[in-house]
Amino acid sequence: MTYKRCVILLADGARADCFEELLAAGRLPHIKRHLVARGASVRGVTAFPSTTGPAYLPFLTGCLPATCNVPGIRWVDKRALARGRYTLFGPEGARSYVGIETFRINGDMRPEIGTLFQLLPRSYSIFNSVCRGIRPGGNRTRIMRIWYWYYAHLTDRWQFVDSAATDKLLALTRRDFQFAFVVFPAIDEYAHATDPRHPRVLAAYEGVDQAVGLLAERLQRLRRYDDTLIWIVSDHGLSATKNHFCVNTFLEERGIRTLYYPLVFKRGCVAANMMSGNGMTHLYFRHPDGWEGPMDATMLGRIHPGLLAELTKPPAVDLLAAREADGSILILNRRGRARLRLEGDWLKYEVDGADPFGYGALPLRMRADEQLQHTIASDYPDGLYQLAHIFTSPRTGDVVLSAAPGFDLRDAYEVPEHRSSHGSLHRDHMCAPIICSAPLPTGPMRTVDVFPLLLTMMGRAVPQKIDGRALF
Ligand SMILES: [Zn+2]
């Protein structure tokens, strides 16, 4: 079967287990009938950091965030920061896709990165900011998205945005479209304000189910049901947050003046803290002679003695990773210490004493795929590859922190308070549902594999040099 059209419904922040539980309880009848019964529902692994924006990239580009050079929802480009120039948004080289700068993600991606919008020219995008190469008129919410987001943010009516997404999708079905990417923000937004399993959040899953029902009915009426491929995916999970640990305060109390959002016009900073989903952060450190160039763990130990060890002490910090001068990554936490290296497709993982991830016995050298098989059922599925890979971006921090379940890494300046978080390497955030109206290959999948799979199902050539694997 070669599919003529493809629709991806991105249920932002949806947990794979919530989908499974609601399906088992009969609360998602349309998803069951039109997708699961004809196709498959699997637990996939998203990209680190498990956060909105960067974790959309795998679906749309077939590449992980570091390959796109967009390693977080906030980041710093030290080389640009070193110029010391300012724009309207803050220092040149500092970026946040939260709010007005959302769409800069398209210009920040490496120039050679292509998107499904380019490969499938009759494409549409709804409430999605990653839309490089979309033809004029293809972005159905180019200006409106910001209006909808502010309205929903102020009135807490995210279900209204999901309903608008459904209406806009249904309006497309009469067009001769090849691809539609539709974002449903309500699950993520309600969960941040309440709990990942709050009744309002679960009702938003049912809203996605209703969208599937209306879409299927419309496609059947137009005789387009059989040759339209439908996916429901998510960019990350979410877990309840009981405690906020303030990395900014931690650094500043040690005399390390730190640049962070929203206070990005602050002068004389020697560190930058760029948070993603609040469960992950990039830390950048300035050399005495300037911002340019990475600061490796040894050098950091000389400039801020004891800082790395101290950073592993708060219970909020689950994993700390730092660049080493030889290109390897030092991993530290309260459980243990290890050294990780990614060379091509090969990972080398040397545990020094106890394993910080707690994986148990692993080969010293293994391919990324073999590592995925070994770790898929653990608390950190695909953790070694994902952590090693993020360090392949020059915009990744000198130090990366991943939060422990129940904690996040941001306290002040988050309004309203986040009661759920994501972004970390933990399975609660890294597990993502992949539900498809067609059967899927067996074996563990990453969300980045969806891109080559759907192109194959549509009879299209899969581009070379992507991170997604052709699993068929
Ligand atoms: Zn998200």
# chains A, B, ... in the order shown; residues from 1 in each chain; ligands from 1
>>> select_by_dssp(residues="stretch 148-239 of chain A", states="strand (DSSP E)", output="JSON, numbers by chain")
{"A": [179, 180, 181, 182, 183, 184, 228, 229, 230, 231, 232, 233, 239]}
>>> residues_around(residues="A:Val351", least_positions_apart="5", cutoff="9 Å", atoms="only C-alpha atoms", output="list in words")
Gly336, Arg337, Ala338, Arg339, Leu340, Pro356 and Leu364 of chain A
>>> write_last_selection(atoms="N, CA and C atoms", output="PDB file, in the first residue's frame")
ATOM      1  N   GLY A 336      27.274   7.565  40.864  1.00  0.00           N
ATOM      2  CA  GLY A 336      28.558   7.133  40.322  1.00  0.00           C
ATOM      3  C   GLY A 336      29.144   8.092  39.301  1.00  0.00           C
ATOM      4  N   ARG A 337      30.048   7.539  38.497  1.00  0.00           N
ATOM      5  CA  ARG A 337      30.847   8.353  37.596  1.00  0.00           C
ATOM      6  C   ARG A 337      31.182   7.512  36.368  1.00  0.00           C
ATOM      7  N   ALA A 338      31.145   8.125  35.185  1.00  0.00           N
ATOM      8  CA  ALA A 338      31.450   7.373  33.962  1.00  0.00           C
ATOM      9  C   ALA A 338      31.955   8.318  32.885  1.00  0.00           C
ATOM     10  N   ARG A 339      32.507   7.715  31.852  1.00  0.00           N
ATOM     11  CA  ARG A 339      33.013   8.469  30.715  1.00  0.00           C
ATOM     12  C   ARG A 339      32.352   7.906  29.453  1.00  0.00           C
ATOM     13  N   LEU A 340      31.871   8.800  28.617  1.00  0.00           N
ATOM     14  CA  LEU A 340      31.093   8.403  27.440  1.00  0.00           C
ATOM     15  C   LEU A 340      31.690   9.046  26.201  1.00  0.00           C
ATOM     16  N   PRO A 356      26.420   5.756  36.899  1.00  0.00           N
ATOM     17  CA  PRO A 356      25.506   6.856  37.234  1.00  0.00           C
ATOM     18  C   PRO A 356      24.086   6.619  36.707  1.00  0.00           C
ATOM     19  N   LEU A 364      31.354  -2.598  26.757  1.00  0.00           N
ATOM     20  CA  LEU A 364      32.154  -1.371  26.809  1.00  0.00           C
ATOM     21  C   LEU A 364      31.973  -0.555  25.534  1.00  0.00           C
TER      22      LEU A 364
END
>>> residues_near_ligand(ligand="ligand 1", cutoff="7 Å", atoms="only C-alpha atoms and all ligand atoms", output="list of chain:residue names")
A:Asp12, A:Gly13, A:Thr51, A:Thr52, A:Gly53, A:Asp188, A:Asp235, A:His236
>>> write_last_selection(atoms="N, CA and C atoms", output="PDB file, in the first residue's frame")
ATOM      1  N   ASP A  12       1.016  17.340  22.061  1.00  0.00           N
ATOM      2  CA  ASP A  12       2.171  17.842  22.807  1.00  0.00           C
ATOM      3  C   ASP A  12       2.124  17.385  24.267  1.00  0.00           C
ATOM      4  N   GLY A  13       3.193  16.738  24.706  1.00  0.00           N
ATOM      5  CA  GLY A  13       3.296  16.343  26.113  1.00  0.00           C
ATOM      6  C   GLY A  13       2.509  15.089  26.484  1.00  0.00           C
ATOM      7  N   THR A  51      11.761  18.269  24.961  1.00  0.00           N
ATOM      8  CA  THR A  51      11.025  19.513  25.111  1.00  0.00           C
ATOM      9  C   THR A  51      10.471  20.019  23.784  1.00  0.00           C
ATOM     10  N   THR A  52       9.334  20.706  23.886  1.00  0.00           N
ATOM     11  CA  THR A  52       8.647  21.297  22.741  1.00  0.00           C
ATOM     12  C   THR A  52       9.629  22.090  21.869  1.00  0.00           C
ATOM     13  N   GLY A  53       9.496  22.002  20.597  1.00  0.00           N
ATOM     14  CA  GLY A  53      10.415  22.701  19.686  1.00  0.00           C
ATOM     15  C   GLY A  53      11.511  21.747  19.250  1.00  0.00           C
ATOM     16  N   ASP A 188      -0.225  19.264  27.173  1.00  0.00           N
ATOM     17  CA  ASP A 188       0.991  19.838  27.767  1.00  0.00           C
ATOM     18  C   ASP A 188       0.666  21.026  28.667  1.00  0.00           C
ATOM     19  N   ASP A 235       5.920  14.765  21.561  1.00  0.00           N
ATOM     20  CA  ASP A 235       7.316  15.219  21.585  1.00  0.00           C
ATOM     21  C   ASP A 235       8.006  14.855  22.898  1.00  0.00           C
ATOM     22  N   HIS A 236       7.237  14.547  23.932  1.00  0.00           N
ATOM     23  CA  HIS A 236       7.821  14.209  25.243  1.00  0.00           C
ATOM     24  C   HIS A 236       6.699  13.793  26.180  1.00  0.00           C
TER      25      HIS A 236
END
>>> residues_around(residues="A:Leu387", least_positions_apart="6", cutoff="10 Å", atoms="only C-alpha atoms", output="PyMOL selection string")
chain A and resi 47-49+321+329+331+340-342+400+402+425
>>> write_last_selection(atoms="C-alpha atoms", output="mmCIF file, in the first residue's frame")
data_model
loop_
_atom_site.group_PDB
_atom_site.id
_atom_site.type_symbol
_atom_site.label_atom_id
_atom_site.label_comp_id
_atom_site.auth_asym_id
_atom_site.auth_seq_id
_atom_site.Cartn_x
_atom_site.Cartn_y
_atom_site.Cartn_z
ATOM 1 C CA ALA A 47 14.988 13.267 21.537
ATOM 2 C CA PHE A 48 16.922 14.839 24.381
ATOM 3 C CA PRO A 49 16.167 17.475 25.544
ATOM 4 C CA ALA A 321 27.436 15.727 32.005
ATOM 5 C CA ILE A 329 31.864 13.330 28.162
ATOM 6 C CA ILE A 331 29.020 11.858 33.617
ATOM 7 C CA LEU A 340 31.093 8.403 27.440
ATOM 8 C CA ARG A 341 32.238 8.830 23.861
ATOM 9 C CA LEU A 342 30.365 8.779 20.558
ATOM 10 C CA VAL A 400 24.306 19.674 30.913
ATOM 11 C CA SER A 402 19.111 16.491 33.824
ATOM 12 C CA LEU A 425 16.625 11.988 30.211
#
>>> residues_around(residues="A:Thr241", least_positions_apart="4", cutoff="6 Å", atoms="only C-alpha atoms", output="PyMOL selection string")
chain A and resi 406-407+419-420
>>> closest_residue(among="A:Leu409, A:Ala164, A:Leu35, A:Val208", to="A:Met144", atoms="only C-alpha atoms")
A:Ala164
>>> select_by_dssp(residues="stretch 34-225 of chain A", states="helix (DSSP H, G or I)", output="PyMOL selection string")
chain A and resi 34-36+54-61+65-68+78-81+102-108+116-119+144-155+158-172+186-193+199-221
>>> write_last_selection(atoms="C-alpha atoms", output="short mmCIF file (atom, residue, chain, number, x, y, z; two decimals), in the first residue's frame")
data_model
loop_
_atom_site.label_atom_id
_atom_site.label_comp_id
_atom_site.auth_asym_id
_atom_site.auth_seq_id
_atom_site.Cartn_x
_atom_site.Cartn_y
_atom_site.Cartn_z
CA HIS A 34 -9.10 4.04 13.06
CA LEU A 35 -5.48 3.72 14.18
CA VAL A 36 -4.67 0.96 16.67
CA PRO A 54 13.67 20.71 19.64
CA ALA A 55 11.70 17.46 20.06
CA TYR A 56 9.48 18.38 17.06
CA LEU A 57 12.57 18.36 14.83
CA PRO A 58 12.91 14.54 14.59
CA PHE A 59 9.44 14.18 13.03
CA LEU A 60 9.90 17.02 10.57
CA THR A 61 13.58 16.67 9.62
CA PRO A 65 18.25 18.41 17.78
CA ALA A 66 22.07 18.50 17.80
CA THR A 67 22.25 17.60 14.10
CA CYS A 68 19.93 20.56 13.47
CA LYS A 78 29.30 31.18 22.74
CA ARG A 79 31.01 32.46 19.62
CA ALA A 80 28.19 34.91 18.92
CA LEU A 81 27.92 35.84 22.60
CA THR A 102 9.49 31.06 18.56
CA PHE A 103 9.86 31.21 14.79
CA ARG A 104 13.61 31.93 14.88
CA ILE A 105 14.07 28.16 15.20
CA ASN A 106 13.73 27.90 11.40
CA GLY A 107 16.63 30.27 10.74
CA ASP A 108 18.74 28.75 13.54
CA LEU A 116 8.90 17.22 5.20
CA PHE A 117 7.35 20.50 4.07
CA GLN A 118 9.99 20.64 1.33
CA LEU A 119 9.88 16.94 0.44
CA MET A 144 -2.76 33.56 14.48
CA ARG A 145 -0.64 31.16 16.51
CA ILE A 146 0.70 33.90 18.77
CA TRP A 147 -2.79 35.33 19.27
CA TYR A 148 -4.22 31.92 20.15
CA TRP A 149 -1.32 31.22 22.55
CA TYR A 150 -1.73 34.51 24.41
CA TYR A 151 -5.50 34.14 24.57
CA ALA A 152 -5.26 30.58 25.90
CA HIS A 153 -2.42 31.49 28.28
CA LEU A 154 -4.43 34.34 29.80
CA THR A 155 -7.79 32.54 29.92
CA TRP A 158 -6.26 25.41 25.81
CA GLN A 159 -9.06 23.04 24.78
CA PHE A 160 -10.26 25.93 22.64
CA VAL A 161 -6.93 25.88 20.77
CA ASP A 162 -7.17 22.09 20.28
CA SER A 163 -10.69 22.54 18.88
CA ALA A 164 -9.41 25.23 16.53
CA ALA A 165 -6.64 22.81 15.42
CA THR A 166 -9.32 20.20 14.63
CA ASP A 167 -11.43 22.69 12.65
CA LYS A 168 -8.42 23.84 10.65
CA LEU A 169 -7.45 20.25 9.90
CA LEU A 170 -10.98 19.35 8.76
CA ALA A 171 -10.98 22.41 6.49
CA LEU A 172 -7.86 21.02 4.76
CA ALA A 186 -3.84 21.29 25.56
CA ILE A 187 -2.37 18.15 27.19
CA ASP A 188 0.99 19.84 27.77
CA GLU A 189 -0.42 23.15 28.91
CA TYR A 190 -3.02 21.72 31.30
CA ALA A 191 -0.46 19.28 32.71
CA HIS A 192 2.03 22.09 33.41
CA ALA A 193 -0.70 23.84 35.41
CA PRO A 199 -9.10 15.06 34.75
CA ARG A 200 -8.69 18.14 32.53
CA VAL A 201 -5.54 16.62 31.03
CA LEU A 202 -7.22 13.28 30.38
CA ALA A 203 -10.15 15.14 28.81
CA ALA A 204 -7.66 16.70 26.40
CA TYR A 205 -6.59 13.17 25.30
CA GLU A 206 -10.27 12.53 24.60
CA GLY A 207 -10.30 15.76 22.57
CA VAL A 208 -7.58 14.30 20.33
CA ASP A 209 -9.72 11.17 20.00
CA GLN A 210 -12.67 13.27 18.86
CA ALA A 211 -10.43 14.96 16.29
CA VAL A 212 -9.47 11.52 14.94
CA GLY A 213 -13.16 10.55 14.73
CA LEU A 214 -14.08 13.69 12.79
CA LEU A 215 -11.05 13.35 10.52
CA ALA A 216 -11.81 9.69 9.72
CA GLU A 217 -15.47 10.45 9.03
CA ARG A 218 -14.50 13.28 6.69
CA LEU A 219 -11.90 11.16 4.87
CA GLN A 220 -14.39 8.31 4.46
CA ARG A 221 -16.93 10.68 2.95
#
>>> residues_around(residues="A:Arg135", least_positions_apart="5", cutoff="8 Å", atoms="only C-alpha atoms", output="MDAnalysis selection string")
chainID A and resid 117 121:123
>>> closest_residue(among="A:Pro441, A:Arg334, A:Asp467, A:Arg365", to="A:Gly39", atoms="only C-alpha atoms")
A:Pro441
>>> closest_residue(among="A:Asp326, A:Asp195, A:Glu92, A:Glu253", to="A:Arg15", atoms="only C-alpha atoms")
A:Asp195
>>> residues_around(residues="A:Arg74", least_positions_apart="5", cutoff="7 Å", atoms="only C-alpha atoms", output="number ranges by chain")
A: 95-97, 274-276
>>> closest_residue(among="A:Val42, A:Val98, A:Ala470, A:Ile390", to="A:Asp17", atoms="only C-alpha atoms")
A:Val42
>>> closest_residue(among="A:Ala11, A:Thr312, A:Leu332, A:Asn278", to="A:Cys246", atoms="only C-alpha atoms")
A:Asn278
